[in-house]
$ cat input_37.cif   # mmCIF, C-alpha atoms and all ligand atoms
data_model
#
loop_
_atom_site.label_atom_id
_atom_site.label_comp_id
_atom_site.auth_asym_id
_atom_site.auth_seq_id
_atom_site.Cartn_x
_atom_site.Cartn_y
_atom_site.Cartn_z
CA MET A 14 -40.05 18.86 57.71
CA PHE A 15 -43.16 20.91 57.12
CA GLY A 16 -45.97 22.06 59.39
CA PRO A 17 -47.84 20.38 62.21
CA ALA A 18 -48.51 17.27 60.10
CA GLY A 19 -44.77 16.72 59.52
CA ARG A 20 -44.03 17.36 63.15
CA LEU A 21 -46.60 14.86 64.34
CA ALA A 22 -45.33 12.23 61.89
CA VAL A 23 -41.79 12.60 63.27
CA GLU A 24 -42.87 12.58 66.89
CA GLN A 25 -44.88 9.41 66.36
CA ARG A 26 -42.66 7.51 63.95
CA LEU A 27 -39.03 8.60 64.28
CA PRO A 28 -38.11 6.59 67.41
CA GLY A 29 -39.48 3.37 65.81
CA LEU A 30 -37.89 4.12 62.43
CA ARG A 31 -34.51 4.66 64.05
CA GLU A 32 -34.69 1.21 65.59
CA GLU A 33 -36.07 -0.46 62.47
CA LEU A 34 -33.39 1.03 60.18
CA ASP A 35 -30.66 0.73 62.83
CA VAL A 36 -29.76 4.40 62.50
CA ASP A 37 -26.83 5.73 64.55
CA LEU A 38 -27.38 9.39 63.81
CA CYS A 39 -30.36 11.39 62.59
CA VAL A 40 -30.20 14.92 61.13
CA VAL A 41 -33.46 16.72 60.46
CA ASN A 42 -34.06 19.97 58.59
CA GLY A 43 -36.64 21.69 60.78
CA GLU A 44 -36.87 25.16 59.30
CA ASN A 45 -40.61 24.97 58.60
CA ILE A 46 -42.06 23.05 61.52
CA ALA A 47 -43.79 26.07 63.10
CA ASP A 48 -47.02 26.24 61.05
CA GLY A 49 -45.07 25.95 57.81
CA ALA A 50 -42.64 28.83 58.39
CA GLY A 51 -39.78 28.96 60.87
CA ILE A 52 -39.12 27.11 64.11
CA THR A 53 -39.40 27.91 67.81
CA GLY A 54 -37.11 26.80 70.62
CA LYS A 55 -39.88 24.72 72.14
CA LEU A 56 -40.50 22.87 68.88
CA ALA A 57 -36.77 22.37 68.32
CA ASP A 58 -36.48 20.81 71.78
CA LYS A 59 -39.37 18.49 70.99
CA LEU A 60 -37.67 17.44 67.77
CA LEU A 61 -34.47 16.64 69.64
CA SER A 62 -36.36 14.59 72.21
CA SER A 63 -38.20 12.72 69.41
CA GLY A 64 -34.93 11.29 68.09
CA ALA A 65 -33.17 13.98 66.04
CA ASP A 66 -29.50 14.35 67.00
CA ALA A 67 -29.03 17.61 65.12
CA VAL A 68 -31.42 20.06 63.51
CA THR A 69 -30.50 22.15 60.47
CA LEU A 70 -32.40 25.19 59.21
CA GLY A 71 -32.55 27.34 56.09
CA ASN A 72 -33.79 30.59 54.60
CA HIS A 73 -36.76 30.65 57.03
CA ALA A 74 -34.62 30.09 60.13
CA PHE A 75 -35.46 33.43 61.72
CA ARG A 76 -39.17 33.71 60.94
CA ARG A 77 -40.16 33.28 64.61
CA ASP A 78 -39.46 35.59 67.55
CA GLY A 79 -37.10 34.31 70.19
CA ILE A 80 -35.24 31.81 68.03
CA GLY A 81 -32.05 33.95 68.06
CA PRO A 82 -31.17 33.50 71.75
CA TYR A 83 -32.16 29.83 71.48
CA LEU A 84 -29.71 29.30 68.59
CA ASP A 85 -26.97 31.16 70.45
CA ALA A 86 -27.37 28.73 73.36
CA SER A 87 -27.91 25.55 71.35
CA ASP A 88 -25.14 23.22 70.30
CA ARG A 89 -27.39 20.92 68.26
CA VAL A 90 -29.64 23.30 66.31
CA ILE A 91 -27.75 25.18 63.60
CA ARG A 92 -28.60 27.75 60.93
CA PRO A 93 -26.91 28.21 57.56
CA ALA A 94 -23.32 29.33 58.08
CA ASN A 95 -23.60 31.87 55.26
CA ALA A 96 -27.00 33.31 56.28
CA GLY A 97 -25.28 36.40 57.75
CA SER A 98 -22.29 36.97 60.01
CA LEU A 99 -24.30 39.22 62.36
CA LEU A 100 -27.00 36.60 62.95
CA PRO A 101 -27.23 34.57 66.16
CA GLY A 102 -26.31 30.90 66.16
CA ARG A 103 -23.72 28.86 64.30
CA GLY A 104 -23.48 26.99 61.03
CA MET A 105 -21.69 23.86 62.18
CA THR A 106 -21.91 21.43 65.06
CA VAL A 107 -20.30 18.16 66.09
CA VAL A 108 -22.56 15.53 67.64
CA GLU A 109 -21.92 12.04 68.89
CA ALA A 110 -23.69 9.21 67.08
CA ARG A 111 -25.24 6.30 69.01
CA ASN A 112 -22.19 4.16 68.16
CA GLY A 113 -19.83 6.73 69.67
CA VAL A 114 -18.56 8.21 66.38
CA SER A 115 -18.30 12.02 66.20
CA VAL A 116 -20.17 13.51 63.25
CA ALA A 117 -19.82 17.09 62.05
CA VAL A 118 -22.93 18.67 60.57
CA ILE A 119 -22.63 21.74 58.37
CA ASN A 120 -25.58 23.84 57.13
CA LEU A 121 -25.17 26.14 54.10
CA LEU A 122 -27.48 28.13 51.83
CA GLY A 123 -27.15 28.17 48.08
CA GLN A 124 -26.77 31.49 46.34
CA LEU A 125 -28.97 30.90 43.26
CA PHE A 126 -32.55 32.15 43.84
CA VAL A 127 -31.99 32.11 47.62
CA ASP A 128 -31.10 35.06 49.84
CA ALA A 129 -27.64 34.15 51.14
CA ALA A 130 -25.51 36.87 52.74
CA GLU A 131 -22.33 35.29 51.46
CA SER A 132 -21.54 32.83 48.70
CA PRO A 133 -21.36 29.25 49.99
CA TRP A 134 -18.25 28.79 47.83
CA GLU A 135 -16.40 31.41 49.89
CA MET A 136 -16.99 29.52 53.14
CA VAL A 137 -17.38 25.85 52.44
CA ASP A 138 -13.71 24.87 52.27
CA GLY A 139 -12.91 26.55 55.60
CA LEU A 140 -15.86 24.88 57.29
CA VAL A 141 -14.98 21.45 55.93
CA ASP A 142 -11.34 21.86 57.01
CA GLU A 143 -12.51 22.86 60.48
CA ALA A 144 -14.86 19.87 60.67
CA ARG A 145 -12.22 17.41 59.46
CA LEU A 146 -9.85 18.49 62.22
CA VAL A 147 -12.40 16.93 64.60
CA THR A 148 -13.80 13.98 62.62
CA PRO A 149 -13.71 12.43 59.13
CA VAL A 150 -17.51 11.93 59.19
CA VAL A 151 -18.99 15.16 57.85
CA VAL A 152 -22.56 15.76 56.69
CA VAL A 153 -23.51 18.88 54.74
CA ASP A 154 -27.13 20.07 54.50
CA PHE A 155 -27.03 22.25 51.38
CA HIS A 156 -30.24 24.27 51.46
CA ALA A 157 -30.63 25.51 47.92
CA GLU A 158 -33.07 25.99 45.07
CA ALA A 159 -31.10 25.08 41.95
CA THR A 160 -30.18 21.48 41.13
CA SER A 161 -27.12 22.75 39.21
CA GLU A 162 -25.71 24.35 42.34
CA LYS A 163 -26.50 21.29 44.46
CA VAL A 164 -24.81 18.94 42.00
CA ALA A 165 -21.82 21.29 41.68
CA ILE A 166 -21.20 21.61 45.41
CA ALA A 167 -21.50 17.84 45.88
CA ARG A 168 -18.87 17.34 43.17
CA TRP A 169 -16.64 20.01 44.71
CA LEU A 170 -16.81 18.30 48.12
CA ASP A 171 -16.47 14.74 46.79
CA GLY A 172 -13.91 12.83 48.83
CA ARG A 173 -13.81 15.43 51.60
CA VAL A 174 -17.22 14.90 53.22
CA THR A 175 -19.45 11.88 53.84
CA ALA A 176 -22.68 13.29 52.41
CA VAL A 177 -24.08 16.38 50.73
CA ILE A 178 -27.83 16.35 51.26
CA GLY A 179 -29.91 18.90 49.39
CA THR A 180 -32.94 20.45 51.08
CA HIS A 181 -35.37 23.36 50.51
CA THR A 182 -37.30 22.33 47.40
CA HIS A 183 -39.43 19.74 49.29
CA VAL A 184 -39.61 17.30 46.35
CA GLN A 185 -37.48 14.16 46.71
CA THR A 186 -35.18 13.75 43.73
CA ASN A 187 -34.22 10.47 42.10
CA ASP A 188 -30.45 11.10 42.04
CA ALA A 189 -29.18 9.60 45.29
CA ARG A 190 -25.69 8.38 44.43
CA ILE A 191 -22.17 7.86 45.71
CA LEU A 192 -19.67 10.01 43.86
CA PRO A 193 -16.26 8.60 42.77
CA GLY A 194 -14.45 10.00 45.82
CA GLY A 195 -16.87 8.41 48.30
CA THR A 196 -19.34 11.20 49.01
CA ALA A 197 -23.06 10.39 49.07
CA ALA A 198 -25.23 13.02 47.41
CA ILE A 199 -28.83 13.82 46.58
CA SER A 200 -30.30 17.02 45.17
CA ASP A 201 -33.27 16.98 47.52
CA ALA A 202 -34.08 14.67 50.41
CA GLY A 203 -37.79 15.43 50.05
CA MET A 204 -40.42 16.57 52.49
CA THR A 205 -41.67 15.10 55.72
CA GLY A 206 -45.13 16.56 55.76
CA PRO A 207 -48.41 16.74 53.86
CA HIS A 208 -47.95 15.77 50.20
CA ASP A 209 -51.57 16.46 49.24
CA SER A 210 -50.47 20.07 48.83
CA VAL A 211 -48.18 22.43 46.93
CA ILE A 212 -44.90 21.70 48.72
CA GLY A 213 -46.74 21.62 52.07
CA VAL A 214 -49.18 24.48 51.61
CA GLU A 215 -52.91 23.96 50.94
CA ALA A 216 -52.93 23.66 47.14
CA GLU A 217 -55.89 25.96 46.56
CA LEU A 218 -54.18 28.82 48.44
CA ALA A 219 -50.84 28.42 46.66
CA ILE A 220 -52.57 28.29 43.27
CA ARG A 221 -54.73 31.32 44.08
CA ARG A 222 -51.66 33.39 44.97
CA MET A 223 -49.85 32.34 41.80
CA ARG A 224 -52.85 32.88 39.51
CA THR A 225 -54.07 36.20 40.88
CA ARG A 226 -50.85 37.71 42.27
CA LEU A 227 -52.93 38.82 45.26
CA PRO A 228 -51.52 38.31 48.75
CA VAL A 229 -52.94 35.07 50.12
CA ARG A 230 -52.25 33.84 53.63
CA PHE A 231 -50.85 30.31 53.41
CA ARG A 232 -52.02 27.45 55.62
CA PRO A 233 -50.15 24.15 55.95
CA ALA A 234 -52.03 21.25 54.37
CA GLU A 235 -52.84 18.07 56.29
CA GLY A 236 -53.33 15.17 53.89
CA GLY A 237 -51.03 12.59 52.33
CA VAL A 238 -48.41 12.71 55.07
CA ARG A 239 -45.08 11.05 54.35
CA ILE A 240 -41.70 10.89 56.03
CA GLU A 241 -39.02 11.40 53.41
CA GLY A 242 -35.23 11.48 53.60
CA VAL A 243 -32.16 9.44 52.85
CA VAL A 244 -30.23 6.80 54.75
CA VAL A 245 -26.46 6.80 54.35
CA ASP A 246 -24.09 4.06 55.49
CA CYS A 247 -20.46 5.05 55.90
CA SER A 248 -17.14 3.71 57.15
CA ASP A 249 -15.47 5.02 60.32
CA GLY A 250 -13.19 6.92 57.94
CA GLY A 251 -16.18 8.87 56.65
CA ARG A 252 -16.48 7.26 53.23
CA ALA A 253 -20.08 6.69 52.11
CA GLU A 254 -20.84 3.06 51.27
CA ARG A 255 -24.58 3.13 50.59
CA VAL A 256 -27.25 5.76 50.10
CA GLU A 257 -30.93 4.96 49.93
CA LEU A 258 -34.09 6.98 49.64
CA LEU A 259 -36.46 6.88 52.58
CA ARG A 260 -40.17 7.26 51.89
CA VAL A 261 -42.67 6.18 54.51
CA GLU A 262 -46.43 6.71 54.26
CA VAL A 263 -47.80 7.76 57.63
FE FE B 1 -36.07 26.68 52.63
#

$ encode --input "input_37.cif" --output "structure tokens"
Amino acid sequence: MFGPAGRLAVEQRLPGLREELDVDLCVVNGENIADGAGITGKLADKLLSSGADAVTLGNHAFRRDGIGPYLDASDRVIRPANAGSLLPGRGMTVVEARNGVSVAVINLLGQLFVDAAESPWEMVDGLVDEARLVTPVVVVDFHAEATSEKVAIARWLDGRVTAVIGTHTHVQTNDARILPGGTAAISDAGMTGPHDSVIGVEAELAIRRMRTRLPVRFRPAEGGVRIEGVVVDCSDGGRAERVELLRVEV
């Protein structure tokens, strides 16, 4: 999700979409809902009351003051597990879906072109083992820049988790698939926010910064708002059975 436009789209449309698509559990990456960078406790609460069951974050998780204590106290808003061992909050949570099934949600950062304190490869097996002690339905939000790393981690986790959903690059990729072991995967779920933009930011500002190399203060764009994501069906045993792109013009 990106900026006020993305936030508004979710607040207005998520409850109806959940009903329409018959969704039992909804995970939202909310790292950029506060004016395009970071998240506040108040906004996270609003997201949860709009129909998100769990909120994942990313490399901008700590851009806003006060989010640390909020994350320490929250059991549904998580930050990447490998963002730093001294940081507040946790990298995994278990939430109950509408149909009563427990679902573990894990949030990890990639290490290619992203500032991760620890390699995701060092931690991911331990986290998945921990999650699978509680439930076979495990969703991983892999917040990473490089498609190679996203594809590799999905392959590594195939058969051990229900879905590996890539986030961070804001552009929905056309590779939603179910791997041979029964894990659903996509390199990037896309962006819920203003698509008349450069990945959420007013295009003119992003271009000016790139062309001139001068510091330019970014503003979230407003036009072309879409809700994007993926819908995954799975068995009670955690095996993915269907994965479909979600793209809704708002
Ligand atoms: Fe990010």

$ residues_around --input "input_37.cif" --residues "Val90 of chain A" --least-positions-apart "3" --cutoff "7 Å" --atoms "only C-alpha atoms" --output "count of residues only"
5

$ closest_atom_pairs --input "input_37.cif" --of "chain A" --to "ligand FE 1 (chain B)" --cutoff "10 Å" --atoms "only C-alpha atoms and all ligand atoms" --output "tab-separated table"
residue	atom	partner	partner_atom	distance
A:Asn42	CA	B:FE1	FE	9.2
A:Gly43	CA	B:FE1	FE	9.6
A:Glu44	CA	B:FE1	FE	6.9
A:Asn45	CA	B:FE1	FE	7.7
A:Ala50	CA	B:FE1	FE	9.0
A:Gly51	CA	B:FE1	FE	9.3
A:Leu70	CA	B:FE1	FE	7.7
A:Gly71	CA	B:FE1	FE	5.0
A:Asn72	CA	B:FE1	FE	4.9
A:His73	CA	B:FE1	FE	6.0
A:Ala74	CA	B:FE1	FE	8.4
A:Leu122	CA	B:FE1	FE	8.7
A:Val127	CA	B:FE1	FE	8.4
A:His156	CA	B:FE1	FE	6.4
A:Ala157	CA	B:FE1	FE	7.3
A:Glu158	CA	B:FE1	FE	8.2
A:Thr180	CA	B:FE1	FE	7.1
A:His181	CA	B:FE1	FE	4.0
A:Thr182	CA	B:FE1	FE	6.9
A:His183	CA	B:FE1	FE	8.4

$ closest_residue --input "input_37.cif" --among "A:Arg77, A:Arg20, A:Arg255, A:Arg168" --to "Pro193 of chain A" --atoms "all atoms listed in the file"
A:Arg168

$ atom_distance --input "input_37.cif" --atom1 "atom CA of Glu109 of chain A" --atom2 "atom CA of Val137 of chain A"
22.0 Å

$ atom_distance --input "input_37.cif" --atom1 "atom CA of Arg221 of chain A" --atom2 "atom CA of Pro233 of chain A"
14.6 Å

$ residues_near_point --input "input_37.cif" --point "(-31.7, 3.4, 49.7)" --cutoff "12 Å" --atoms "only C-alpha atoms" --output "ChimeraX atom specification"
/A:34,187-191,197-199,202,241-246,254-260

$ closest_residue --input "input_37.cif" --among "A:Val184, A:Ala144, A:Val23, A:Ala86" --to "Val118 of chain A" --atoms "only C-alpha atoms"
A:Ala144

$ residues_around --input "input_37.cif" --residues "Asp37 of chain A" --least-positions-apart "2" --cutoff "8 Å" --atoms "all atoms listed in the file" --output "list in words"
Arg31, Asp35, Cys39, Ala110, Arg111 and Asn112 of chain A

$ residues_around --input "input_37.cif" --residues "segment 170-173 of chain A" --least-positions-apart "2" --cutoff "10 Å" --atoms "only C-alpha atoms" --output "list of chain:residue names"
A:Val137, A:Asp138, A:Val141, A:Asp142, A:Arg145, A:Pro149, A:Val150, A:Val151, A:Val153, A:Ala165, A:Ile166, A:Ala167, A:Arg168, A:Thr175, A:Ala176, A:Val177, A:Ile191, A:Leu192, A:Pro193, A:Gly194, A:Gly195, A:Thr196, A:Ala197, A:Ala198, A:Gly251, A:Arg252, A:Ala253

$ write_last_selection --input "input_37.cif" --atoms "C-alpha atoms" --output "compact mmCIF listing (two decimals), keeping the file's coordinate frame"
# COMPACT_ATOMS: atom_id res chain seq x y z
CA VAL A 137 -17.38 25.85 52.44
CA ASP A 138 -13.71 24.87 52.27
CA VAL A 141 -14.98 21.45 55.93
CA ASP A 142 -11.34 21.86 57.01
CA ARG A 145 -12.22 17.41 59.46
CA PRO A 149 -13.71 12.43 59.13
CA VAL A 150 -17.51 11.93 59.19
CA VAL A 151 -18.99 15.16 57.85
CA VAL A 153 -23.51 18.88 54.74
CA ALA A 165 -21.82 21.29 41.68
CA ILE A 166 -21.20 21.61 45.41
CA ALA A 167 -21.50 17.84 45.88
CA ARG A 168 -18.87 17.34 43.17
CA THR A 175 -19.45 11.88 53.84
CA ALA A 176 -22.68 13.29 52.41
CA VAL A 177 -24.08 16.38 50.73
CA ILE A 191 -22.17 7.86 45.71
CA LEU A 192 -19.67 10.01 43.86
CA PRO A 193 -16.26 8.60 42.77
CA GLY A 194 -14.45 10.00 45.82
CA GLY A 195 -16.87 8.41 48.30
CA THR A 196 -19.34 11.20 49.01
CA ALA A 197 -23.06 10.39 49.07
CA ALA A 198 -25.23 13.02 47.41
CA GLY A 251 -16.18 8.87 56.65
CA ARG A 252 -16.48 7.26 53.23
CA ALA A 253 -20.08 6.69 52.11

$ atom_distance --input "input_37.cif" --atom1 "atom CA of Leu100 of chain A" --atom2 "atom CA of Val174 of chain A"
25.7 Å
